[in-house]
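K.L.:
So that we are looking at the same thing, I have put the structure below in structure tokens.
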Protein chains: 2
Amino acid sequence: MQLLKEKILKYGRVLPNRILKVDSFLNHQIDVSLLNEMGKEFKNIFGSENVTKILTVEASGIGIACIAAQYFNVPVLFAKKHAAGNLDKETYESEVYSYTRGKNYTIRVSKNYLSSEDRVLIIDDFLAKGKALLGLGDIVAKAGAHLVGAGIVIEKGFQEGGKLVRESGINLHSLAIIKSMDKGYVEFEE
Amino acid sequence: MQLLKEKILKYGRVLPNRILKVDSFLNHQIDVSLLNEMGKEFKNIFGSENVTKILTVEASGIGIACIAAQYFNVPVLFAKKHAAGNLDKETYESEVYSYTRGKNYTIRVSKNYLSSEDRVLIIDDFLAKGKALLGLGDIVAKAGAHLVGAGIVIEKGFQEGGKLVRESGINLHSLAIIKSMDKGYVEFEE
């Protein structure tokens with residue numbers, strides 16, 4: 001997606017350890033008009049799939065999922081990373097390893113909001129090693145729902161997540177795939 | 001806001017310890033068309049304030065803030081509750097006590113995205129004891145920005161937060177104010 005790539009080139013910052021900082025428009029400050037263009041693009045890609053629910057994980061996926069959901073006319077469901085007192089007791093869960101935090105955490109979705117009737121589109125901001133996305137896919141499978149695909153904003157193509165996810169059979173589309181950041185700037189895959 | 005009150009009466013569940021569970025449409029599963037009506041209402045209330053930025057706190061405020069931001073044509077900024085490696089070193093911070101979790105946590109906003117030029121509208125899902133909202137107001141003050149007001153979805157009017165926030169001079173508007181849940185169902189203030 002050209003507009004997104006231009007934003008990344010203009011405002012993204014390449015930090016050590018292959019960190020791409022896009023917090024001026026994506027995951028701290030949020031450019032909502034860009035999110036709208038991304039939502040339209042996800043609709044172009046997955047619009048014929050009869051999506052009934054968009055699934056994401058807190059926190060930075062929520063805004064993207066909500067804006068995109070307007071084009072699908074479906075509710076959003078976000079998996080929780082923290083066991084809050086007000087979450088239902090009956091949940092679908094999956095263990096996810098976070099490389100950013102260096103530890104496992106559990107993502108949870110109430111059984112009330114995901115069923116075998118659902119056709120689920122997963123949306124998230126980043127795909128690197130793929131653990132969060134595979135965990136969300138695991139939750140969809142546990143619910144007996146149909147996973148129609150996954151829409152990712154930025155895929156780090158030089159890490160193994162995209163390959164793992166595609167090999168698992170998930171219909172994955174990333175709006176921007178980064179080939180390399182090793183020169184200190186971002187190069188995209190064509 | 002009538003539509004919101006109807007949703008609360010129809011789908012909200014009153015649990016012990018004055019917990020109102022609205023996770024079927026607000027803070028786990030999200031009814032995005034309801035969020036759009038709420039966004040329009042916030043625009044009606046604060047539309048003349050020349051808002052330049054909407055500030056919220058992760059996680060459940062993000063979707064509401066992003067949908068509302070479309071009516072103001074401004075970016076969203078969400079305060080982070082967790083010190084992530086990819087947050088800027090230079091941040092405005094505030095300590096917030098969480099009654100849900102029974103401990104203090106620090107909310108942070110990068111200094112890059114809030115300045116004395118900004119006219120900030122705070123948006124959040126719940127107001128109970130007011131700690132999170134006052135913490136966000138503290139961050140706005142530290143940035144030297146102008147706080148035009150706060151838009152809350154559900155205020156627990158039987159707790160002290162609303163009084164504290166209004167007495168602090170913040171222009172607070174809540175779309176639904178709950179007078180009592182002690183009878184096992186929700187009664188609203190007029």
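Scheme for the structure tokens: letters A, B, ... for chains in order shown; per-chain residue numbers from 1; ligand numbers from 1 in order shown.
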Using only C-alpha atoms, determine which residues lie at most 10 Å from Ser115 in chain B, disregarding the query and same-chain residues fewer than 2 positions distant; provide the list as a list in words.
P.N.:
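Listed by chain and then number, they are Lys111, Asn112, Tyr113, Glu117, Asp118, Arg119, Val120, Val140, Ala141, Lys142, Ala143, Gly144, Ala145 and His146 of chain B.
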K.L.:
Mind dumping the selected residues with N, CA and C atoms as a short mmCIF file (atom, residue, chain, number, x, y, z; two decimals), in the first residue's frame?
P.N.:
```
data_model
loop_
_atom_site.label_atom_id
_atom_site.label_comp_id
_atom_site.auth_asym_id
_atom_site.auth_seq_id
_atom_site.Cartn_x
_atom_site.Cartn_y
_atom_site.Cartn_z
N LYS B 111 7.05 12.95 24.80
CA LYS B 111 7.04 14.42 24.72
C LYS B 111 6.95 14.91 23.27
N ASN B 112 7.23 14.01 22.33
CA ASN B 112 7.17 14.42 20.91
C ASN B 112 5.75 14.73 20.44
N TYR B 113 4.75 14.20 21.14
CA TYR B 113 3.40 14.24 20.56
C TYR B 113 2.41 15.09 21.35
N GLU B 117 1.05 23.93 22.16
CA GLU B 117 0.13 24.35 21.09
C GLU B 117 -1.16 23.55 21.10
N ASP B 118 -1.15 22.39 21.78
CA ASP B 118 -2.28 21.47 21.64
C ASP B 118 -3.48 21.86 22.49
N ARG B 119 -4.65 21.60 21.92
CA ARG B 119 -5.94 21.70 22.63
C ARG B 119 -6.49 20.28 22.69
N VAL B 120 -6.45 19.73 23.89
CA VAL B 120 -6.62 18.29 24.07
C VAL B 120 -8.01 17.95 24.60
N VAL B 140 -1.45 16.31 30.49
CA VAL B 140 -1.75 17.47 29.63
C VAL B 140 -1.15 18.74 30.25
N ALA B 141 -1.29 18.88 31.58
CA ALA B 141 -0.75 20.06 32.27
C ALA B 141 0.77 20.09 32.18
N LYS B 142 1.41 18.92 32.37
CA LYS B 142 2.87 18.87 32.30
C LYS B 142 3.38 19.27 30.92
N ALA B 143 2.59 18.96 29.88
CA ALA B 143 2.98 19.32 28.52
C ALA B 143 2.71 20.80 28.23
N GLY B 144 2.05 21.48 29.15
CA GLY B 144 1.68 22.86 28.92
C GLY B 144 0.58 23.03 27.89
N ALA B 145 -0.11 21.93 27.58
CA ALA B 145 -1.19 21.97 26.60
C ALA B 145 -2.48 22.44 27.28
N HIS B 146 -3.48 22.79 26.46
CA HIS B 146 -4.76 23.22 27.00
C HIS B 146 -5.75 22.06 26.98
#
```
K.L.:
At a cut-off of 10 Å, list the chain A residues touching chain B, using only C-alpha atoms, as a PyMOL selection string.
P.N.:
chain A and resi 15+19-33+35-36+53-55+57-70+73-80+83-88+100-101+109-110+112-114
K.L.:
I need the chosen residues saved as an mmCIF file, in the first residue's frame, with C-alpha atoms.
P.N.:
```cif
data_model
loop_
_atom_site.group_PDB
_atom_site.id
_atom_site.type_symbol
_atom_site.label_atom_id
_atom_site.label_comp_id
_atom_site.auth_asym_id
_atom_site.auth_seq_id
_atom_site.Cartn_x
_atom_site.Cartn_y
_atom_site.Cartn_z
ATOM 1 C CA LEU A 15 16.552 1.825 15.679
ATOM 2 C CA ILE A 19 13.241 -2.007 15.702
ATOM 3 C CA LEU A 20 11.077 0.146 13.434
ATOM 4 C CA LYS A 21 9.592 3.026 15.356
ATOM 5 C CA VAL A 22 6.278 4.158 13.884
ATOM 6 C CA ASP A 23 4.811 5.660 17.009
ATOM 7 C CA SER A 24 4.201 9.027 15.359
ATOM 8 C CA PHE A 25 1.347 7.574 13.284
ATOM 9 C CA LEU A 26 0.580 3.944 14.178
ATOM 10 C CA ASN A 27 1.048 2.721 17.730
ATOM 11 C CA HIS A 28 1.252 5.658 20.120
ATOM 12 C CA GLN A 29 0.040 8.670 18.193
ATOM 13 C CA ILE A 30 -2.455 7.428 15.604
ATOM 14 C CA ASP A 31 -3.123 8.967 12.194
ATOM 15 C CA VAL A 32 -6.803 8.095 11.895
ATOM 16 C CA SER A 33 -7.098 9.123 8.225
ATOM 17 C CA LEU A 35 -6.180 4.021 9.363
ATOM 18 C CA ASN A 36 -9.224 4.718 7.203
ATOM 19 C CA LYS A 53 -16.071 -10.543 13.248
ATOM 20 C CA ILE A 54 -12.696 -8.815 13.351
ATOM 21 C CA LEU A 55 -10.309 -10.155 15.977
ATOM 22 C CA VAL A 57 -5.172 -8.149 20.435
ATOM 23 C CA GLU A 58 -4.716 -5.230 22.796
ATOM 24 C CA ALA A 59 -3.483 -2.576 22.647
ATOM 25 C CA SER A 60 -2.209 -1.186 19.354
ATOM 26 C CA GLY A 61 -4.363 -3.416 17.158
ATOM 27 C CA ILE A 62 -7.605 -2.009 18.559
ATOM 28 C CA GLY A 63 -7.718 1.299 16.703
ATOM 29 C CA ILE A 64 -6.845 -0.297 13.374
ATOM 30 C CA ALA A 65 -9.444 -3.027 13.875
ATOM 31 C CA CYS A 66 -12.202 -0.571 14.871
ATOM 32 C CA ILE A 67 -11.638 1.720 11.891
ATOM 33 C CA ALA A 68 -11.471 -1.276 9.510
ATOM 34 C CA ALA A 69 -14.626 -2.779 11.037
ATOM 35 C CA GLN A 70 -16.638 0.188 9.742
ATOM 36 C CA ASN A 73 -20.101 -3.622 9.331
ATOM 37 C CA VAL A 74 -19.059 -6.180 11.930
ATOM 38 C CA PRO A 75 -18.054 -6.019 15.607
ATOM 39 C CA VAL A 76 -14.474 -6.052 16.815
ATOM 40 C CA LEU A 77 -13.260 -8.462 19.452
ATOM 41 C CA PHE A 78 -9.920 -7.856 21.120
ATOM 42 C CA ALA A 79 -8.014 -10.541 22.992
ATOM 43 C CA LYS A 80 -6.885 -9.477 26.448
ATOM 44 C CA ALA A 83 -6.392 -11.392 33.397
ATOM 45 C CA ALA A 84 -8.835 -8.688 34.463
ATOM 46 C CA GLY A 85 -11.454 -9.324 37.125
ATOM 47 C CA ASN A 86 -14.239 -8.395 34.751
ATOM 48 C CA LEU A 87 -13.407 -10.966 32.056
ATOM 49 C CA ASP A 88 -15.672 -13.992 31.824
ATOM 50 C CA THR A 100 9.814 -7.615 23.091
ATOM 51 C CA ARG A 101 9.123 -8.510 26.709
ATOM 52 C CA VAL A 109 -11.187 -14.181 24.559
ATOM 53 C CA SER A 110 -14.543 -14.782 26.240
ATOM 54 C CA ASN A 112 -19.483 -15.685 24.642
ATOM 55 C CA TYR A 113 -18.182 -13.731 21.665
ATOM 56 C CA LEU A 114 -16.699 -16.315 19.322
#
```
K.L.:
As an exercise, work out the distance from CA of Val14 in chain A to CA of Met181 in chain A in Å and give it to one decimal place.
P.N.:
6.9 Å
K.L.:
Within 12 Å of Lys183 in chain B, counting only C-alpha atoms, which residues show up once you throw out same-chain ones fewer than 2 positions away? Write them as a PDB file with C-alpha atoms, in the first residue's frame, please.
P.N.:
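File written: result12.pdb
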```pdb
ATOM      1  CA  VAL B  14     -24.539  -5.924  37.141  1.00  0.00           C
ATOM      2  CA  LEU B  15     -22.016  -8.013  39.081  1.00  0.00           C
ATOM      3  CA  PRO B  16     -21.092  -7.941  42.774  1.00  0.00           C
ATOM      4  CA  ARG B  18     -20.610  -2.604  41.785  1.00  0.00           C
ATOM      5  CA  LYS B 179     -27.004   6.739  39.840  1.00  0.00           C
ATOM      6  CA  SER B 180     -27.144   3.310  41.420  1.00  0.00           C
ATOM      7  CA  MET B 181     -26.698  -0.400  40.760  1.00  0.00           C
ATOM      8  CA  TYR B 185     -30.048  -3.301  37.925  1.00  0.00           C
ATOM      9  CA  VAL B 186     -28.863   0.024  36.536  1.00  0.00           C
ATOM     10  CA  GLU B 187     -30.576   3.320  37.376  1.00  0.00           C
TER      11      GLU B 187
END
```
K.L.:
Smallest atom-to-atom distance to Gly39 in chain B: which of B:Arg166, B:Gly130, B:Thr52, B:Gly151, using only C-alpha atoms?
P.N.:
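Smallest distance to Gly39 in chain B is found for B:Gly151.
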K.L.:
Got a sec: who's within 12 Å of Ile45 in chain B, counting only C-alpha atoms, leaving out chain neighbours fewer than 6 positions off, as number ranges by chain?
P.N.:
B: 1, 38-39, 51, 68, 71-72, 121, 148-152, 171-175
K.L.:
Any chance you can output those residues with all heavy atoms as a short mmCIF file (atom, residue, chain, number, x, y, z; two decimals), in the first residue's frame?
P.N.:
```cif
data_model
loop_
_atom_site.label_atom_id
_atom_site.label_comp_id
_atom_site.auth_asym_id
_atom_site.auth_seq_id
_atom_site.Cartn_x
_atom_site.Cartn_y
_atom_site.Cartn_z
N MET B 1 -27.15 9.98 26.73
CA MET B 1 -27.32 9.53 25.35
C MET B 1 -28.22 8.29 25.34
O MET B 1 -27.85 7.24 25.88
CB MET B 1 -25.94 9.19 24.76
CG MET B 1 -25.97 8.77 23.32
SD MET B 1 -24.30 8.30 22.77
CE MET B 1 -24.74 7.47 21.24
N MET B 38 -21.54 7.53 19.43
CA MET B 38 -20.89 8.22 20.54
C MET B 38 -19.92 9.28 20.04
O MET B 38 -19.82 10.38 20.60
CB MET B 38 -20.16 7.19 21.42
CG MET B 38 -21.13 6.30 22.22
SD MET B 38 -20.43 4.80 23.02
CE MET B 38 -18.70 5.10 22.94
N GLY B 39 -19.21 8.95 18.97
CA GLY B 39 -18.28 9.91 18.38
C GLY B 39 -18.99 11.17 17.92
O GLY B 39 -18.52 12.30 18.16
N VAL B 51 -10.41 21.39 19.01
CA VAL B 51 -9.57 20.29 19.50
C VAL B 51 -8.49 19.96 18.46
O VAL B 51 -8.76 19.89 17.27
CB VAL B 51 -10.45 19.04 19.75
CG1 VAL B 51 -9.61 17.81 20.06
CG2 VAL B 51 -11.46 19.32 20.86
N ALA B 68 -14.12 8.41 17.41
CA ALA B 68 -14.50 9.81 17.66
C ALA B 68 -13.60 10.77 16.88
O ALA B 68 -14.06 11.79 16.37
CB ALA B 68 -14.43 10.11 19.16
N TYR B 71 -14.52 12.43 13.59
CA TYR B 71 -15.43 13.57 13.53
C TYR B 71 -14.73 14.88 13.85
O TYR B 71 -15.26 15.95 13.60
CB TYR B 71 -16.62 13.34 14.48
CG TYR B 71 -17.41 12.13 14.09
CD1 TYR B 71 -17.19 10.89 14.69
CD2 TYR B 71 -18.33 12.19 13.05
CE1 TYR B 71 -17.89 9.75 14.30
CE2 TYR B 71 -19.03 11.07 12.65
CZ TYR B 71 -18.81 9.86 13.27
OH TYR B 71 -19.49 8.74 12.86
N PHE B 72 -13.53 14.78 14.44
CA PHE B 72 -12.76 15.98 14.77
C PHE B 72 -11.60 16.20 13.78
O PHE B 72 -10.97 17.25 13.81
CB PHE B 72 -12.18 15.85 16.19
CG PHE B 72 -13.21 15.92 17.29
CD1 PHE B 72 -13.87 14.77 17.72
CD2 PHE B 72 -13.52 17.12 17.91
CE1 PHE B 72 -14.82 14.82 18.74
CE2 PHE B 72 -14.47 17.18 18.93
CZ PHE B 72 -15.11 16.03 19.35
N LEU B 121 -8.62 16.96 23.97
CA LEU B 121 -9.85 16.35 24.49
C LEU B 121 -9.49 14.95 24.97
O LEU B 121 -8.96 14.14 24.20
CB LEU B 121 -10.91 16.28 23.40
CG LEU B 121 -12.18 15.47 23.73
CD1 LEU B 121 -12.93 16.07 24.91
CD2 LEU B 121 -13.09 15.37 22.50
N VAL B 148 -9.30 20.94 26.87
CA VAL B 148 -10.61 21.53 26.59
C VAL B 148 -11.73 20.78 27.31
O VAL B 148 -12.80 21.34 27.53
CB VAL B 148 -10.93 21.59 25.08
CG1 VAL B 148 -9.81 22.32 24.32
CG2 VAL B 148 -11.15 20.22 24.50
N GLY B 149 -11.47 19.53 27.66
CA GLY B 149 -12.50 18.78 28.37
C GLY B 149 -12.26 17.30 28.33
O GLY B 149 -11.24 16.83 27.80
N ALA B 150 -13.21 16.57 28.90
CA ALA B 150 -13.13 15.12 28.94
C ALA B 150 -14.49 14.53 28.58
O ALA B 150 -15.51 14.95 29.13
CB ALA B 150 -12.70 14.63 30.32
N GLY B 151 -14.47 13.58 27.66
CA GLY B 151 -15.68 12.88 27.26
C GLY B 151 -15.60 11.44 27.73
O GLY B 151 -14.69 10.71 27.37
N ILE B 152 -16.56 11.07 28.56
CA ILE B 152 -16.56 9.73 29.16
C ILE B 152 -17.81 8.98 28.67
O ILE B 152 -18.87 9.59 28.52
CB ILE B 152 -16.59 9.85 30.70
CG1 ILE B 152 -15.31 10.53 31.19
CG2 ILE B 152 -16.82 8.49 31.37
CD1 ILE B 152 -14.06 9.70 31.05
N ASN B 171 -13.85 20.31 32.19
CA ASN B 171 -15.15 20.34 31.53
C ASN B 171 -15.54 18.90 31.15
O ASN B 171 -15.22 18.42 30.08
CB ASN B 171 -15.07 21.23 30.29
CG ASN B 171 -16.39 21.32 29.55
OD1 ASN B 171 -17.46 21.08 30.12
ND2 ASN B 171 -16.31 21.65 28.27
N LEU B 172 -16.23 18.25 32.08
CA LEU B 172 -16.50 16.82 31.95
C LEU B 172 -17.91 16.56 31.44
O LEU B 172 -18.88 17.12 31.96
CB LEU B 172 -16.33 16.16 33.34
CG LEU B 172 -16.81 14.72 33.50
CD1 LEU B 172 -15.97 13.77 32.65
CD2 LEU B 172 -16.74 14.30 34.97
N HIS B 173 -18.01 15.72 30.40
CA HIS B 173 -19.32 15.27 29.92
C HIS B 173 -19.32 13.75 29.82
O HIS B 173 -18.46 13.18 29.15
CB HIS B 173 -19.63 15.86 28.54
CG HIS B 173 -20.00 17.30 28.61
ND1 HIS B 173 -21.29 17.74 28.76
CD2 HIS B 173 -19.22 18.42 28.58
CE1 HIS B 173 -21.30 19.07 28.79
NE2 HIS B 173 -20.05 19.50 28.69
N SER B 174 -20.29 13.12 30.47
CA SER B 174 -20.42 11.67 30.42
C SER B 174 -21.70 11.33 29.67
O SER B 174 -22.75 11.93 29.90
CB SER B 174 -20.48 11.10 31.84
OG SER B 174 -19.31 11.47 32.56
N LEU B 175 -21.61 10.37 28.76
CA LEU B 175 -22.77 10.04 27.91
C LEU B 175 -23.85 9.30 28.69
O LEU B 175 -25.01 9.34 28.33
CB LEU B 175 -22.31 9.23 26.71
CG LEU B 175 -21.27 9.91 25.80
CD1 LEU B 175 -21.00 9.05 24.58
CD2 LEU B 175 -21.72 11.30 25.37
#
```
K.L.:
For the structure I just gave you, how does DSSP split range 9-145 of chain A - specifically, which residues are strand (DSSP E or B)? Reply as number ranges by chain.
P.N.:
A: 13-15, 19-21, 29-30, 53-57, 76-80, 91-98, 103-110, 119-127
K.L.:
Do you have the CA of Val165 in chain B-CA of Lys129 in chain B distance handy?
P.N.:
9.2 Å
K.L.:
When DSSP works through the backbone of this structure, what residues of range 19-184 of chain A end up as helix (DSSP H, G or I), shown as a ChimeraX atom specification?
P.N.:
/A:32-49,61-72,111-113,131-142,161-167
K.L.:
State, in Å with one decimal place, the distance from CA of Ala128 in chain B to CA of Lys81 in chain B.
P.N.:
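Going from CA of Ala128 in chain B over to CA of Lys81 in chain B, I get 18.2 Å.
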K.L.:
Could you pull the residues within 6 Å of Ile154 in chain B, counting only C-alpha atoms, minus those fewer than 5 positions along the same chain, as an NGL selection string?
P.N.:
:B and (126 or 176-177)
K.L.:
Let me see the file: selected residues, all heavy atoms, as a compact mmCIF listing (two decimals), in the first residue's frame.
P.N.:
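Full text of part37.txt as output:
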```txt
# COMPACT_ATOMS: atom_id res chain seq x y z
N PHE B 126 -14.66 4.52 31.00
CA PHE B 126 -15.28 4.55 32.33
C PHE B 126 -14.70 5.66 33.19
O PHE B 126 -13.53 5.99 33.11
CB PHE B 126 -15.05 3.21 33.06
CG PHE B 126 -16.15 2.21 32.85
CD1 PHE B 126 -16.04 1.22 31.89
CD2 PHE B 126 -17.31 2.28 33.60
CE1 PHE B 126 -17.06 0.30 31.69
CE2 PHE B 126 -18.34 1.37 33.42
CZ PHE B 126 -18.21 0.37 32.46
N ALA B 176 -23.45 8.60 29.75
CA ALA B 176 -24.42 7.96 30.64
C ALA B 176 -23.86 8.03 32.06
O ALA B 176 -22.70 7.67 32.29
CB ALA B 176 -24.67 6.51 30.24
N ILE B 177 -24.68 8.51 32.98
CA ILE B 177 -24.26 8.58 34.39
C ILE B 177 -25.15 7.66 35.21
O ILE B 177 -26.38 7.79 35.20
CB ILE B 177 -24.36 10.02 34.94
CG1 ILE B 177 -23.52 10.97 34.07
CG2 ILE B 177 -23.89 10.07 36.40
CD1 ILE B 177 -23.53 12.43 34.55
```
